[in-house]
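*Asks:* My questions will all concern the structure given below.
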Amino acid sequence: MPVAEEEAGIASLLCCYRNNLPGASQSCLTLAEWKLKAASTASSTTITEAPIMPVTKYPKKAEPLWKKWEQKAQKNGRRHQVFAVNGDHYEGEWSDNLKHGKGTQFLKKSGVVYEGDWKFGKQDGYGILSHPDPETGKYRRVYSGWWKGGKKSGYGIQFFGPKEYYEENGNRYEGNWERGMKNGRGRFFHLDHGQLFEGFWVDDVAKCGTMIDFGRDEAPEPTQFPIPKVEILDPDGVLKKAIAKLMNPEEGHN
């Protein structure tokens with residue numbers, strides 16, 4: 001657009017602008033007058049910044065007391081004695097409110113004590129179980145060995161006696177356990193009678209094995225007669241086959 005036409009258009013707009021101003025005359029502003037007025041207006045205009053609002057800090061909301069109590073009640077790491085409602089108590093390591101790690105549990109009603117490894121609230125790993133002697137009150141070892149899921153599992157030794165479990169007379173089972181029962185190969189020492197049974201167990205039942213005299217001369221209550229000599233031509237072979245059938249029952253049916 002030519003400059004002359006552009007200035008004529010601006011002049012007509014300035015005329016309208018002036019007519020709208022209070023106290024303005026009906027004559028139109030020239031372009032030069034408009035430029036001078038705009039410059040003076042800009043110089044006299046003061047730009048004010050918006051006021052800065054103060055930052056309000058609210059106090060941190062306090063946690064409810066029950067949350068603090070719950071956190072304190074959480075049992076993790078090593079603790080001193082923790083008592084149950086029935087009087088049982090445990091001293092040892094915890095994880096997520098469960099016995100986990102090394103610890104000792106005392107059962108008030110029976111007096112039984114377990115000392116050893118724990119995993120997620122159950123005996124798991126190596127541990128020793130002891131019972132109090134009803135006459136002397138001293139603790140006597142009942143079982144020492146491996147556990148899994150709260151039951152004897154793996155190799156372990158359990159002691160037996162005429163009244164309660166105890167280790168003084170040496171009567172004991174040494175061997176494998178599964179689900180809390182004698183399972184697999186093991187030896188049972190009947191030292192009060194001077195005999196030793198060595199064989200294979202299934203769910204606490206001795207299925208096959210050999211019985212021999214063992215310390216019969218020193219036994220407090222020896223059997224009346226010694227065990228007779230085995231007359232089978234190959235006793236070891238017979239026992240081996242019997243154990244193989246028990247270990248692989250499906251093969252025995254084929």
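Ordering of the structure tokens sets the chain letters (A, B, ...), residue numbers begin anew at 1 in every chain, and ligands are numbered from 1 in the order given.
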Give me the residues near Ala84 (chain A) as a ChimeraX atom specification, where near means some atom within 12 Å (using only C-alpha atoms) and where sequence neighbours in that chain fewer than 5 positions away do not count.

*Replies:* /A:89-91,105-108

*Asks:* Identify which of the residues A:Glu135, A:Asp217, A:Glu93, A:Asp236 lies closest to Gly116 (chain A), counting only C-alpha atoms when measuring atom-to-atom distances.

*Replies:*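 Answer, going by the shortest atom-to-atom distance: A:Glu93.
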
*Asks:* Enumerate, as number ranges by chain, the complete set of residues in region 144-208 of chain A that a backbone-based DSSP assignment places in strand (DSSP E).

*Replies:* A: 144-148, 151-159, 172-178, 181-190, 195-202, 205-208

*Asks:* I'd like the interatomic distance between CA of Asn86 (chain A) and CA of Arg179 (chain A), to a tenth of an Å.

*Replies:*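 Between CA of Asn86 (chain A) and CA of Arg179 (chain A) the gap is 26.7 Å.
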
*Asks:* Just the number, please: distance in Å from CA of Asp133 (chain A) to CA of Val113 (chain A), one decimal.

*Replies:* 12.2 Å

*Asks:* Would you list the contacts of Lys151 (chain A) as a PyMOL selection string, taking every protein, DNA or RNA residue within 12 Å and counting only C-alpha atoms, but skipping same-chain residues closer than 6 positions in sequence?

*Replies:* chain A and resi 114+118-119+122-127+129+143+145+177-182

*Asks:* Given the selection you just returned, output its residues as a file containing all heavy atoms, formatted as a compact mmCIF listing (two decimals), in the first residue's frame.

*Replies:*
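Everything below was put into result38.txt:
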```txt
# COMPACT_ATOMS: atom_id res chain seq x y z
N TYR A 114 12.80 -74.16 73.08
CA TYR A 114 13.45 -74.36 71.77
C TYR A 114 14.44 -73.23 71.57
O TYR A 114 14.11 -72.05 71.72
CB TYR A 114 12.44 -74.35 70.63
CG TYR A 114 13.10 -74.31 69.26
CD1 TYR A 114 13.55 -75.47 68.65
CD2 TYR A 114 13.30 -73.10 68.60
CE1 TYR A 114 14.18 -75.44 67.42
CE2 TYR A 114 13.93 -73.06 67.36
CZ TYR A 114 14.37 -74.23 66.77
OH TYR A 114 15.00 -74.20 65.56
N TRP A 118 14.96 -69.66 63.25
CA TRP A 118 13.55 -69.43 62.93
C TRP A 118 13.44 -68.84 61.54
O TRP A 118 14.35 -68.15 61.06
CB TRP A 118 12.91 -68.45 63.93
CG TRP A 118 12.86 -68.96 65.33
CD1 TRP A 118 13.86 -68.97 66.24
CD2 TRP A 118 11.73 -69.56 65.98
NE1 TRP A 118 13.44 -69.51 67.42
CE2 TRP A 118 12.13 -69.88 67.30
CE3 TRP A 118 10.42 -69.83 65.59
CZ2 TRP A 118 11.27 -70.47 68.21
CZ3 TRP A 118 9.57 -70.41 66.50
CH2 TRP A 118 9.98 -70.73 67.78
N LYS A 119 12.32 -69.11 60.90
CA LYS A 119 12.05 -68.53 59.58
C LYS A 119 10.57 -68.27 59.45
O LYS A 119 9.77 -69.20 59.49
CB LYS A 119 12.54 -69.47 58.47
CG LYS A 119 12.52 -68.84 57.09
CD LYS A 119 13.16 -69.77 56.07
CE LYS A 119 13.20 -69.14 54.70
NZ LYS A 119 13.82 -70.06 53.70
N LYS A 122 8.39 -69.85 62.29
CA LYS A 122 8.46 -71.29 62.57
C LYS A 122 9.92 -71.74 62.70
O LYS A 122 10.81 -71.12 62.13
CB LYS A 122 7.77 -72.09 61.46
CG LYS A 122 6.27 -71.84 61.39
CD LYS A 122 5.62 -72.69 60.31
CE LYS A 122 4.12 -72.46 60.26
NZ LYS A 122 3.46 -73.30 59.23
N GLN A 123 10.10 -72.84 63.46
CA GLN A 123 11.45 -73.40 63.56
C GLN A 123 11.91 -73.85 62.18
O GLN A 123 11.23 -74.61 61.51
CB GLN A 123 11.47 -74.60 64.52
CG GLN A 123 11.10 -74.25 65.95
CD GLN A 123 9.66 -74.55 66.28
OE1 GLN A 123 8.80 -74.39 65.42
NE2 GLN A 123 9.39 -74.99 67.50
N ASP A 124 13.05 -73.34 61.78
CA ASP A 124 13.56 -73.65 60.44
C ASP A 124 15.07 -73.46 60.45
O ASP A 124 15.55 -72.36 60.66
CB ASP A 124 12.90 -72.75 59.39
CG ASP A 124 12.94 -73.37 58.00
OD1 ASP A 124 14.05 -73.60 57.50
OD2 ASP A 124 11.87 -73.63 57.43
N GLY A 125 15.79 -74.56 60.21
CA GLY A 125 17.24 -74.53 60.32
C GLY A 125 17.67 -75.47 61.44
O GLY A 125 17.03 -76.48 61.70
N TYR A 126 18.76 -75.13 62.12
CA TYR A 126 19.24 -75.99 63.21
C TYR A 126 18.72 -75.49 64.54
O TYR A 126 18.73 -74.29 64.82
CB TYR A 126 20.77 -76.00 63.24
CG TYR A 126 21.34 -76.96 64.26
CD1 TYR A 126 21.46 -78.32 63.97
CD2 TYR A 126 21.71 -76.52 65.51
CE1 TYR A 126 21.97 -79.21 64.90
CE2 TYR A 126 22.21 -77.39 66.46
CZ TYR A 126 22.34 -78.74 66.15
OH TYR A 126 22.82 -79.61 67.09
N GLY A 127 18.27 -76.45 65.37
CA GLY A 127 17.75 -76.06 66.68
C GLY A 127 17.76 -77.20 67.67
O GLY A 127 17.85 -78.38 67.30
N LEU A 129 15.76 -78.78 71.10
CA LEU A 129 14.53 -78.82 71.91
C LEU A 129 14.84 -79.48 73.24
O LEU A 129 15.45 -80.55 73.28
CB LEU A 129 13.45 -79.60 71.16
CG LEU A 129 12.03 -79.51 71.72
CD1 LEU A 129 11.44 -78.13 71.49
CD2 LEU A 129 11.14 -80.56 71.06
N TYR A 143 15.83 -83.17 71.52
CA TYR A 143 16.16 -83.30 70.10
C TYR A 143 17.15 -82.22 69.72
O TYR A 143 17.04 -81.06 70.13
CB TYR A 143 14.90 -83.15 69.25
CG TYR A 143 15.15 -83.13 67.76
CD1 TYR A 143 15.29 -84.30 67.02
CD2 TYR A 143 15.25 -81.91 67.07
CE1 TYR A 143 15.53 -84.28 65.66
CE2 TYR A 143 15.49 -81.88 65.71
CZ TYR A 143 15.63 -83.06 65.01
OH TYR A 143 15.86 -83.04 63.65
N GLY A 145 18.96 -81.07 66.02
CA GLY A 145 19.08 -81.34 64.60
C GLY A 145 18.39 -80.28 63.77
O GLY A 145 18.19 -79.15 64.21
N TRP A 177 14.86 -87.35 59.24
CA TRP A 177 13.49 -86.99 59.62
C TRP A 177 12.80 -86.31 58.45
O TRP A 177 13.43 -85.68 57.62
CB TRP A 177 13.49 -86.04 60.81
CG TRP A 177 14.07 -86.61 62.07
CD1 TRP A 177 15.39 -86.74 62.37
CD2 TRP A 177 13.35 -87.12 63.18
NE1 TRP A 177 15.55 -87.30 63.60
CE2 TRP A 177 14.30 -87.55 64.13
CE3 TRP A 177 12.01 -87.26 63.48
CZ2 TRP A 177 13.95 -88.10 65.35
CZ3 TRP A 177 11.65 -87.81 64.71
CH2 TRP A 177 12.61 -88.22 65.63
N GLU A 178 11.49 -86.45 58.43
CA GLU A 178 10.67 -85.77 57.43
C GLU A 178 9.28 -85.57 57.99
O GLU A 178 8.67 -86.49 58.52
CB GLU A 178 10.61 -86.60 56.14
CG GLU A 178 9.92 -85.88 54.98
CD GLU A 178 9.93 -86.71 53.71
OE1 GLU A 178 10.78 -87.61 53.58
OE2 GLU A 178 9.06 -86.47 52.85
N ARG A 179 8.78 -84.33 57.92
CA ARG A 179 7.45 -83.97 58.45
C ARG A 179 7.32 -84.32 59.92
O ARG A 179 6.26 -84.73 60.39
CB ARG A 179 6.34 -84.65 57.64
CG ARG A 179 6.40 -84.37 56.16
CD ARG A 179 5.18 -84.94 55.43
NE ARG A 179 4.90 -86.31 55.79
CZ ARG A 179 5.52 -87.37 55.29
NH1 ARG A 179 6.47 -87.23 54.38
NH2 ARG A 179 5.19 -88.59 55.69
N GLY A 180 8.42 -84.20 60.68
CA GLY A 180 8.39 -84.45 62.11
C GLY A 180 8.45 -85.91 62.50
O GLY A 180 8.33 -86.23 63.69
N MET A 181 8.65 -86.83 61.55
CA MET A 181 8.69 -88.27 61.83
C MET A 181 9.98 -88.87 61.30
O MET A 181 10.61 -88.34 60.38
CB MET A 181 7.48 -88.97 61.20
CG MET A 181 6.14 -88.52 61.75
SD MET A 181 4.74 -89.37 60.95
CE MET A 181 4.76 -88.56 59.35
N LYS A 182 10.36 -90.01 61.89
CA LYS A 182 11.53 -90.74 61.40
C LYS A 182 11.21 -91.27 60.01
O LYS A 182 10.28 -92.05 59.82
CB LYS A 182 11.88 -91.87 62.35
CG LYS A 182 12.30 -91.40 63.74
CD LYS A 182 12.74 -92.54 64.64
CE LYS A 182 11.58 -93.34 65.19
NZ LYS A 182 10.77 -92.57 66.16
```

*Asks:* Rank nothing, just name the residue among A:Gly186, A:Gly111, A:Gly87, A:Gly209 nearest to Gly237 (chain A), using only C-alpha atoms.

*Replies:*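 Selected residue with least distance to Gly237 (chain A): A:Gly209.
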
*Asks:* List the neighbours of Glu198 (chain A) out to 8 Å using only C-alpha atoms; skip same-chain residues closer than 4 positions along the sequence, and give me the result as a ChimeraX atom specification.

*Replies:* /A:185-188,209-211

*Asks:* Which is closer to Gly121 (chain A) than all the others in A:His100, A:Lys60, A:His193, A:Lys207, using only C-alpha atoms?

*Replies:* A:His100
